[in-house]
Amino acid sequence: MNVTLQGSDQLTATTPDRQALQEMDVQQAIVSLNSCFLELVAKKPFPRYDAGIKKTATAINCLSIMNNAYTDEDLQRCTLSGRREILFQLRSLIRQSERVSVSFDEGRQSFLTVLIDVLEDEGCLTFDIGGSEETNRAFLKAERCVFVGVVEGIRIQFSAPQARKRTINGEEVFAVALPKSLLRLQRREAFRLQLPSTKPYICRIRRGTPDETALPLYDISVGGIGIQVAEPIVYEPMTILENSWIDLRDSGMLAVTLEVRYVLSTESRTGKTLFHMGCRFLKLSPLNETLIQRFMAHIEAERRALLAP
(Lines give C-alpha, C1' and ligand atoms only; values in the text may rest on other atoms or scores of the structure.)
Protein backbone atom coordinates (compact mmCIF):
# COMPACT_ATOMS: atom_id res chain seq x y z
CA MET A 1 0.00 0.00 0.00
CA ASN A 2 1.65 3.21 -1.20
CA VAL A 3 0.48 6.65 -0.10
CA THR A 4 1.84 9.94 -1.37
CA LEU A 5 2.02 12.59 1.31
CA GLN A 6 2.83 16.24 0.87
CA GLY A 7 5.19 17.77 3.42
CA SER A 8 4.18 20.85 5.40
CA ASP A 9 6.28 24.02 5.29
CA GLN A 10 4.57 25.60 8.28
CA LEU A 11 7.35 24.71 10.71
CA THR A 12 11.04 25.45 10.71
CA ALA A 13 13.53 22.75 11.71
CA THR A 14 14.71 24.41 14.92
CA THR A 15 14.51 21.23 16.99
CA PRO A 16 15.44 17.61 16.07
CA ASP A 17 11.78 16.69 15.62
CA ARG A 18 10.57 19.71 13.67
CA GLN A 19 11.84 18.10 10.46
CA ALA A 20 9.78 15.06 11.32
CA LEU A 21 6.73 17.27 11.79
CA GLN A 22 7.33 18.78 8.37
CA GLU A 23 7.56 15.37 6.74
CA MET A 24 4.41 13.95 8.35
CA ASP A 25 1.84 16.66 8.93
CA VAL A 26 -1.26 14.90 10.17
CA GLN A 27 -3.63 17.59 8.97
CA GLN A 28 -2.55 17.12 5.35
CA ALA A 29 -2.25 13.33 5.58
CA ILE A 30 -5.66 12.61 7.09
CA VAL A 31 -7.47 11.99 3.79
CA SER A 32 -4.74 9.63 2.59
CA LEU A 33 -4.71 7.78 5.88
CA ASN A 34 -8.47 7.32 5.81
CA SER A 35 -8.16 5.83 2.33
CA CYS A 36 -5.46 3.51 3.65
CA PHE A 37 -7.78 2.24 6.35
CA LEU A 38 -10.53 1.50 3.84
CA GLU A 39 -8.02 -0.50 1.82
CA LEU A 40 -6.72 -2.06 5.02
CA VAL A 41 -10.17 -3.32 5.98
CA ALA A 42 -10.70 -4.74 2.50
CA LYS A 43 -7.34 -6.49 2.08
CA LYS A 44 -6.52 -7.21 5.74
CA PRO A 45 -2.71 -7.07 5.36
CA PHE A 46 -2.29 -7.60 9.13
CA PRO A 47 -4.49 -10.61 9.94
CA ARG A 48 -3.04 -10.96 13.42
CA TYR A 49 -4.40 -7.57 14.43
CA ASP A 50 -7.75 -7.29 12.62
CA ALA A 51 -9.70 -6.63 15.85
CA GLY A 52 -8.12 -3.22 16.37
CA ILE A 53 -8.74 -1.71 12.92
CA LYS A 54 -11.89 0.26 13.73
CA LYS A 55 -10.48 1.59 17.01
CA THR A 56 -7.31 2.84 15.32
CA ALA A 57 -9.21 4.39 12.42
CA THR A 58 -11.31 6.33 14.92
CA ALA A 59 -8.20 7.51 16.78
CA ILE A 60 -6.53 8.68 13.57
CA ASN A 61 -9.73 10.47 12.51
CA CYS A 62 -9.71 12.37 15.80
CA LEU A 63 -6.42 13.95 14.73
CA SER A 64 -8.20 15.92 12.04
CA ILE A 65 -9.29 18.43 14.68
CA MET A 66 -5.88 18.73 16.32
CA ASN A 67 -4.01 22.01 16.07
CA ASN A 68 -0.55 21.45 14.60
CA ALA A 69 0.77 24.93 15.47
CA TYR A 70 3.15 23.64 18.11
CA THR A 71 5.55 26.15 19.63
CA ASP A 72 9.20 25.52 20.43
CA GLU A 73 8.24 25.26 24.10
CA ASP A 74 5.55 22.68 23.31
CA LEU A 75 7.98 20.54 21.35
CA GLN A 76 10.72 20.82 23.96
CA ARG A 77 8.39 19.91 26.79
CA CYS A 78 6.81 17.03 24.87
CA THR A 79 10.08 15.48 23.67
CA LEU A 80 11.05 12.39 25.64
CA SER A 81 14.74 11.56 25.77
CA GLY A 82 14.96 9.09 28.65
CA ARG A 83 15.36 5.49 27.48
CA ARG A 84 12.86 4.15 30.02
CA GLU A 85 10.23 6.70 28.97
CA ILE A 86 10.73 5.93 25.28
CA LEU A 87 10.47 2.17 25.82
CA PHE A 88 7.25 2.67 27.78
CA GLN A 89 5.63 4.58 24.90
CA LEU A 90 6.76 2.04 22.28
CA ARG A 91 5.45 -0.86 24.34
CA SER A 92 2.13 0.95 24.74
CA LEU A 93 1.80 1.03 20.95
CA ILE A 94 2.68 -2.66 20.79
CA ARG A 95 0.39 -3.69 23.64
CA GLN A 96 -2.62 -1.96 22.10
CA SER A 97 -1.82 -3.23 18.56
CA GLU A 98 -2.08 0.32 17.24
CA ARG A 99 -1.41 0.99 13.55
CA VAL A 100 1.55 3.22 12.86
CA SER A 101 2.27 5.22 9.73
CA VAL A 102 5.88 5.12 8.49
CA SER A 103 6.90 7.88 6.06
CA PHE A 104 10.17 8.10 4.14
CA ASP A 105 11.69 9.70 1.03
CA GLU A 106 11.27 13.12 2.69
CA GLY A 107 7.62 12.37 3.39
CA ARG A 108 6.69 11.52 -0.19
CA GLN A 109 5.99 7.83 0.50
CA SER A 110 4.33 6.07 3.41
CA PHE A 111 2.80 2.77 4.50
CA LEU A 112 0.92 1.46 7.51
CA THR A 113 2.44 -1.08 9.85
CA VAL A 114 2.21 -2.56 13.34
CA LEU A 115 5.07 -2.53 15.85
CA ILE A 116 5.93 -6.09 16.87
CA ASP A 117 8.58 -6.01 19.59
CA VAL A 118 11.22 -3.97 21.38
CA LEU A 119 14.50 -5.90 21.45
CA GLU A 120 16.12 -3.87 24.21
CA ASP A 121 19.31 -5.97 24.40
CA GLU A 122 19.88 -5.49 20.67
CA GLY A 123 18.77 -1.86 20.72
CA CYS A 124 16.23 -2.29 17.95
CA LEU A 125 12.51 -2.11 17.21
CA THR A 126 10.78 -4.62 14.91
CA PHE A 127 7.61 -4.05 12.88
CA ASP A 128 5.56 -5.63 10.10
CA ILE A 129 6.60 -5.25 6.48
CA GLY A 130 4.23 -3.31 4.23
CA GLY A 131 1.71 -4.75 1.81
CA SER A 132 3.48 -3.49 -1.35
CA GLU A 133 6.75 -5.08 -2.45
CA GLU A 134 7.61 -1.96 -4.45
CA THR A 135 7.16 0.24 -1.38
CA ASN A 136 9.14 -2.20 0.78
CA ARG A 137 12.10 -2.12 -1.61
CA ALA A 138 12.06 1.69 -1.69
CA PHE A 139 11.77 1.81 2.10
CA LEU A 140 14.88 -0.34 2.63
CA LYS A 141 16.89 2.14 0.54
CA ALA A 142 15.73 5.18 2.56
CA GLU A 143 18.33 6.65 4.91
CA ARG A 144 15.72 7.93 7.36
CA CYS A 145 12.08 7.31 8.24
CA VAL A 146 9.44 8.83 10.52
CA PHE A 147 6.90 6.87 12.61
CA VAL A 148 3.56 8.39 13.69
CA GLY A 149 1.02 6.58 15.84
CA VAL A 150 -1.77 7.32 18.30
CA VAL A 151 -2.28 5.97 21.82
CA GLU A 152 -5.49 7.07 23.57
CA GLY A 153 -5.71 10.19 21.41
CA ILE A 154 -2.07 11.13 22.00
CA ARG A 155 0.20 11.45 18.97
CA ILE A 156 3.46 9.51 19.26
CA GLN A 157 6.17 10.40 16.75
CA PHE A 158 9.81 9.47 16.32
CA SER A 159 12.41 9.10 13.58
CA ALA A 160 14.84 6.27 12.87
CA PRO A 161 17.81 5.59 10.59
CA GLN A 162 17.81 3.16 7.66
CA ALA A 163 15.79 -0.01 8.26
CA ARG A 164 16.86 -3.55 7.54
CA LYS A 165 15.00 -6.79 6.99
CA ARG A 166 15.48 -9.72 9.35
CA THR A 167 13.84 -13.02 10.17
CA ILE A 168 12.38 -13.75 13.62
CA ASN A 169 10.75 -17.11 14.34
CA GLY A 170 10.63 -17.83 10.63
CA GLU A 171 8.87 -14.54 9.79
CA GLU A 172 10.35 -11.63 7.85
CA VAL A 173 10.06 -8.26 9.60
CA PHE A 174 11.61 -4.82 9.41
CA ALA A 175 13.95 -3.58 12.15
CA VAL A 176 15.32 -0.13 13.03
CA ALA A 177 17.49 1.19 15.85
CA LEU A 178 15.59 2.33 18.94
CA PRO A 179 14.93 6.10 18.81
CA LYS A 180 16.96 8.38 21.07
CA SER A 181 14.08 10.84 21.37
CA LEU A 182 10.31 10.67 20.92
CA LEU A 183 7.55 13.27 20.62
CA ARG A 184 4.39 12.79 22.65
CA LEU A 185 1.85 15.41 21.57
CA GLN A 186 -1.60 15.73 23.09
CA ARG A 187 -4.44 18.05 22.19
CA ARG A 188 -5.57 19.62 25.42
CA GLU A 189 -9.28 19.60 26.09
CA ALA A 190 -9.01 22.21 28.84
CA PHE A 191 -7.15 25.49 29.18
CA ARG A 192 -3.99 25.00 31.21
CA LEU A 193 -2.68 27.84 33.36
CA GLN A 194 1.02 28.17 34.11
CA LEU A 195 1.58 29.13 37.73
CA PRO A 196 4.13 31.49 39.29
CA SER A 197 7.41 29.89 40.31
CA THR A 198 8.60 32.48 42.82
CA LYS A 199 6.17 31.33 45.49
CA PRO A 200 4.93 28.01 44.10
CA TYR A 201 1.71 26.27 44.95
CA ILE A 202 2.30 22.79 46.36
CA CYS A 203 0.98 19.33 45.64
CA ARG A 204 1.44 16.87 48.52
CA ILE A 205 1.47 13.33 47.14
CA ARG A 206 0.35 10.52 49.47
CA ARG A 207 -0.13 12.99 52.29
CA GLY A 208 0.30 11.69 55.84
CA THR A 209 2.26 8.58 54.82
CA PRO A 210 6.00 7.83 55.09
CA ASP A 211 6.14 8.30 51.29
CA GLU A 212 4.68 11.82 51.36
CA THR A 213 6.31 14.13 48.82
CA ALA A 214 5.77 17.88 48.42
CA LEU A 215 6.22 19.05 44.83
CA PRO A 216 5.70 22.50 43.25
CA LEU A 217 2.90 22.95 40.70
CA TYR A 218 4.06 24.10 37.28
CA ASP A 219 0.59 24.39 35.74
CA ILE A 220 -3.02 23.39 36.40
CA SER A 221 -6.31 22.83 34.58
CA VAL A 222 -9.60 21.09 35.35
CA GLY A 223 -8.07 18.08 33.63
CA GLY A 224 -4.85 17.75 35.62
CA ILE A 225 -1.60 19.29 36.80
CA GLY A 226 2.00 19.62 35.73
CA ILE A 227 4.97 19.44 38.10
CA GLN A 228 8.47 20.64 37.23
CA VAL A 229 11.51 20.12 39.47
CA ALA A 230 15.30 20.07 39.26
CA GLU A 231 15.66 16.56 40.70
CA PRO A 232 14.72 13.28 38.93
CA ILE A 233 11.10 12.22 39.47
CA VAL A 234 10.67 8.73 40.90
CA TYR A 235 7.11 8.04 39.71
CA GLU A 236 6.45 5.84 36.67
CA PRO A 237 3.85 6.60 33.95
CA MET A 238 0.40 5.16 34.72
CA THR A 239 1.09 5.18 38.48
CA ILE A 240 -2.02 6.06 40.54
CA LEU A 241 -1.27 8.59 43.27
CA GLU A 242 -4.06 8.39 45.82
CA ASN A 243 -4.45 10.68 48.84
CA SER A 244 -2.87 13.63 47.06
CA TRP A 245 -3.61 17.16 48.18
CA ILE A 246 -3.26 20.39 46.22
CA ASP A 247 -2.71 23.48 48.33
CA LEU A 248 -4.11 26.54 46.55
CA ARG A 249 -3.71 28.62 49.70
CA ASP A 250 -6.59 31.12 49.96
CA SER A 251 -8.53 29.25 47.24
CA GLY A 252 -8.64 26.05 49.26
CA MET A 253 -7.10 22.62 49.77
CA LEU A 254 -8.16 19.92 47.30
CA ALA A 255 -8.05 16.17 47.94
CA VAL A 256 -7.51 14.43 44.59
CA THR A 257 -6.41 11.18 43.01
CA LEU A 258 -3.82 11.58 40.26
CA GLU A 259 -2.69 9.35 37.43
CA VAL A 260 0.84 9.92 36.10
CA ARG A 261 0.59 10.31 32.32
CA TYR A 262 4.20 11.05 31.44
CA VAL A 263 7.57 11.88 32.97
CA LEU A 264 10.23 13.58 30.87
CA SER A 265 13.40 15.64 31.15
CA THR A 266 13.92 18.99 29.45
CA GLU A 267 16.67 21.58 29.32
CA SER A 268 16.08 25.13 30.49
CA ARG A 269 17.33 28.18 28.62
CA THR A 270 20.31 28.28 30.97
CA GLY A 271 21.23 24.68 30.13
CA LYS A 272 19.95 23.22 33.41
CA THR A 273 18.15 19.87 33.29
CA LEU A 274 14.55 19.98 34.53
CA PHE A 275 12.16 17.10 35.10
CA HIS A 276 8.48 17.44 34.21
CA MET A 277 5.62 15.18 35.28
CA GLY A 278 2.13 15.44 33.82
CA CYS A 279 -0.79 14.04 35.80
CA ARG A 280 -4.51 13.86 35.17
CA PHE A 281 -7.28 13.93 37.76
CA LEU A 282 -9.26 10.76 38.30
CA LYS A 283 -12.92 11.33 39.18
CA LEU A 284 -12.49 14.98 40.07
CA SER A 285 -15.51 16.09 42.11
CA PRO A 286 -17.74 18.93 40.79
CA LEU A 287 -16.85 20.98 43.89
CA ASN A 288 -13.09 20.66 43.24
CA GLU A 289 -13.59 21.44 39.56
CA THR A 290 -15.38 24.64 40.53
CA LEU A 291 -12.62 25.54 43.01
CA ILE A 292 -9.97 25.08 40.30
CA GLN A 293 -11.90 27.23 37.83
CA ARG A 294 -12.29 30.01 40.40
CA PHE A 295 -8.61 29.76 41.33
CA MET A 296 -7.55 30.04 37.68
CA ALA A 297 -9.82 33.04 37.15
CA HIS A 298 -8.32 34.68 40.25
CA ILE A 299 -4.74 34.16 39.03
CA GLU A 300 -5.60 35.52 35.57
CA ALA A 301 -7.26 38.58 37.12
CA GLU A 302 -4.14 39.25 39.20
CA ARG A 303 -1.94 39.02 36.12
CA ARG A 304 -4.11 41.40 34.15
CA ALA A 305 -4.02 43.87 37.04
CA LEU A 306 -0.22 43.78 37.11
CA LEU A 307 -0.02 44.37 33.35
CA ALA A 308 -2.53 47.23 33.38
CA PRO A 309 -0.99 50.72 32.77
# chains A, B, ... in the order shown; residues from 1 in each chain; ligands from 1
>>> residues_around(residues="Met277 (chain A)", least_positions_apart="3", cutoff="9 Å", atoms="only C-alpha atoms", output="PyMOL selection string")
chain A and resi 225-229+233+235+237+260-265
>>> atom_distance(atom1="CA of Arg144 (chain A)", atom2="CA of Leu119 (chain A)")
19.8 Å
>>> atom_distance(atom1="CA of Leu193 (chain A)", atom2="CA of Glu300 (chain A)")
8.5 Å
>>> decode(residues="region 274-292 of chain A", atoms="N, CA, C and O atoms", output="PDB file, in the first residue's frame")
ATOM      1  N   LEU A 274      15.769  19.946  33.723  1.00  0.00           N
ATOM      2  CA  LEU A 274      14.553  19.982  34.534  1.00  0.00           C
ATOM      3  C   LEU A 274      13.731  18.730  34.249  1.00  0.00           C
ATOM      4  O   LEU A 274      13.787  18.171  33.158  1.00  0.00           O
ATOM      5  N   PHE A 275      12.971  18.302  35.231  1.00  0.00           N
ATOM      6  CA  PHE A 275      12.159  17.099  35.101  1.00  0.00           C
ATOM      7  C   PHE A 275      10.691  17.486  35.240  1.00  0.00           C
ATOM      8  O   PHE A 275      10.307  18.166  36.192  1.00  0.00           O
ATOM      9  N   HIS A 276       9.889  17.051  34.261  1.00  0.00           N
ATOM     10  CA  HIS A 276       8.479  17.436  34.208  1.00  0.00           C
ATOM     11  C   HIS A 276       7.605  16.194  34.301  1.00  0.00           C
ATOM     12  O   HIS A 276       7.867  15.192  33.636  1.00  0.00           O
ATOM     13  N   MET A 277       6.576  16.269  35.138  1.00  0.00           N
ATOM     14  CA  MET A 277       5.615  15.178  35.279  1.00  0.00           C
ATOM     15  C   MET A 277       4.216  15.711  35.018  1.00  0.00           C
ATOM     16  O   MET A 277       3.801  16.697  35.617  1.00  0.00           O
ATOM     17  N   GLY A 278       3.516  15.075  34.102  1.00  0.00           N
ATOM     18  CA  GLY A 278       2.133  15.442  33.815  1.00  0.00           C
ATOM     19  C   GLY A 278       1.181  14.434  34.433  1.00  0.00           C
ATOM     20  O   GLY A 278       1.367  13.229  34.281  1.00  0.00           O
ATOM     21  N   CYS A 279       0.179  14.913  35.142  1.00  0.00           N
ATOM     22  CA  CYS A 279      -0.790  14.035  35.802  1.00  0.00           C
ATOM     23  C   CYS A 279      -2.206  14.471  35.436  1.00  0.00           C
ATOM     24  O   CYS A 279      -2.454  15.650  35.224  1.00  0.00           O
ATOM     25  N   ARG A 280      -3.106  13.517  35.372  1.00  0.00           N
ATOM     26  CA  ARG A 280      -4.511  13.860  35.173  1.00  0.00           C
ATOM     27  C   ARG A 280      -5.304  13.495  36.416  1.00  0.00           C
ATOM     28  O   ARG A 280      -4.935  12.585  37.164  1.00  0.00           O
ATOM     29  N   PHE A 281      -6.400  14.228  36.624  1.00  0.00           N
ATOM     30  CA  PHE A 281      -7.275  13.935  37.757  1.00  0.00           C
ATOM     31  C   PHE A 281      -8.148  12.724  37.434  1.00  0.00           C
ATOM     32  O   PHE A 281      -8.647  12.583  36.325  1.00  0.00           O
ATOM     33  N   LEU A 282      -8.329  11.869  38.420  1.00  0.00           N
ATOM     34  CA  LEU A 282      -9.258  10.756  38.302  1.00  0.00           C
ATOM     35  C   LEU A 282     -10.492  11.060  39.142  1.00  0.00           C
ATOM     36  O   LEU A 282     -10.387  11.291  40.345  1.00  0.00           O
ATOM     37  N   LYS A 283     -11.647  11.098  38.496  1.00  0.00           N
ATOM     38  CA  LYS A 283     -12.920  11.326  39.178  1.00  0.00           C
ATOM     39  C   LYS A 283     -12.894  12.600  40.023  1.00  0.00           C
ATOM     40  O   LYS A 283     -13.208  12.590  41.222  1.00  0.00           O
ATOM     41  N   LEU A 284     -12.506  13.695  39.380  1.00  0.00           N
ATOM     42  CA  LEU A 284     -12.492  14.983  40.067  1.00  0.00           C
ATOM     43  C   LEU A 284     -13.927  15.385  40.423  1.00  0.00           C
ATOM     44  O   LEU A 284     -14.820  15.355  39.576  1.00  0.00           O
ATOM     45  N   SER A 285     -14.155  15.749  41.668  1.00  0.00           N
ATOM     46  CA  SER A 285     -15.507  16.095  42.112  1.00  0.00           C
ATOM     47  C   SER A 285     -15.929  17.431  41.507  1.00  0.00           C
ATOM     48  O   SER A 285     -15.088  18.296  41.218  1.00  0.00           O
ATOM     49  N   PRO A 286     -17.239  17.638  41.311  1.00  0.00           N
ATOM     50  CA  PRO A 286     -17.736  18.926  40.793  1.00  0.00           C
ATOM     51  C   PRO A 286     -17.303  20.105  41.666  1.00  0.00           C
ATOM     52  O   PRO A 286     -17.007  21.190  41.153  1.00  0.00           O
ATOM     53  N   LEU A 287     -17.269  19.903  42.996  1.00  0.00           N
ATOM     54  CA  LEU A 287     -16.847  20.975  43.892  1.00  0.00           C
ATOM     55  C   LEU A 287     -15.397  21.363  43.619  1.00  0.00           C
ATOM     56  O   LEU A 287     -15.063  22.552  43.518  1.00  0.00           O
ATOM     57  N   ASN A 288     -14.502  20.366  43.504  1.00  0.00           N
ATOM     58  CA  ASN A 288     -13.092  20.665  43.243  1.00  0.00           C
ATOM     59  C   ASN A 288     -12.897  21.280  41.865  1.00  0.00           C
ATOM     60  O   ASN A 288     -12.022  22.135  41.674  1.00  0.00           O
ATOM     61  N   GLU A 289     -13.686  20.843  40.893  1.00  0.00           N
ATOM     62  CA  GLU A 289     -13.591  21.443  39.555  1.00  0.00           C
ATOM     63  C   GLU A 289     -13.955  22.923  39.616  1.00  0.00           C
ATOM     64  O   GLU A 289     -13.279  23.760  39.005  1.00  0.00           O
ATOM     65  N   THR A 290     -14.973  23.240  40.367  1.00  0.00           N
ATOM     66  CA  THR A 290     -15.376  24.640  40.529  1.00  0.00           C
ATOM     67  C   THR A 290     -14.295  25.443  41.244  1.00  0.00           C
ATOM     68  O   THR A 290     -13.988  26.594  40.866  1.00  0.00           O
ATOM     69  N   LEU A 291     -13.697  24.854  42.278  1.00  0.00           N
ATOM     70  CA  LEU A 291     -12.621  25.542  43.009  1.00  0.00           C
ATOM     71  C   LEU A 291     -11.435  25.840  42.088  1.00  0.00           C
ATOM     72  O   LEU A 291     -10.839  26.922  42.164  1.00  0.00           O
ATOM     73  N   ILE A 292     -11.092  24.877  41.223  1.00  0.00           N
ATOM     74  CA  ILE A 292      -9.968  25.081  40.302  1.00  0.00           C
ATOM     75  C   ILE A 292     -10.298  26.188  39.311  1.00  0.00           C
ATOM     76  O   ILE A 292      -9.459  27.058  39.011  1.00  0.00           O
TER      77      ILE A 292
END
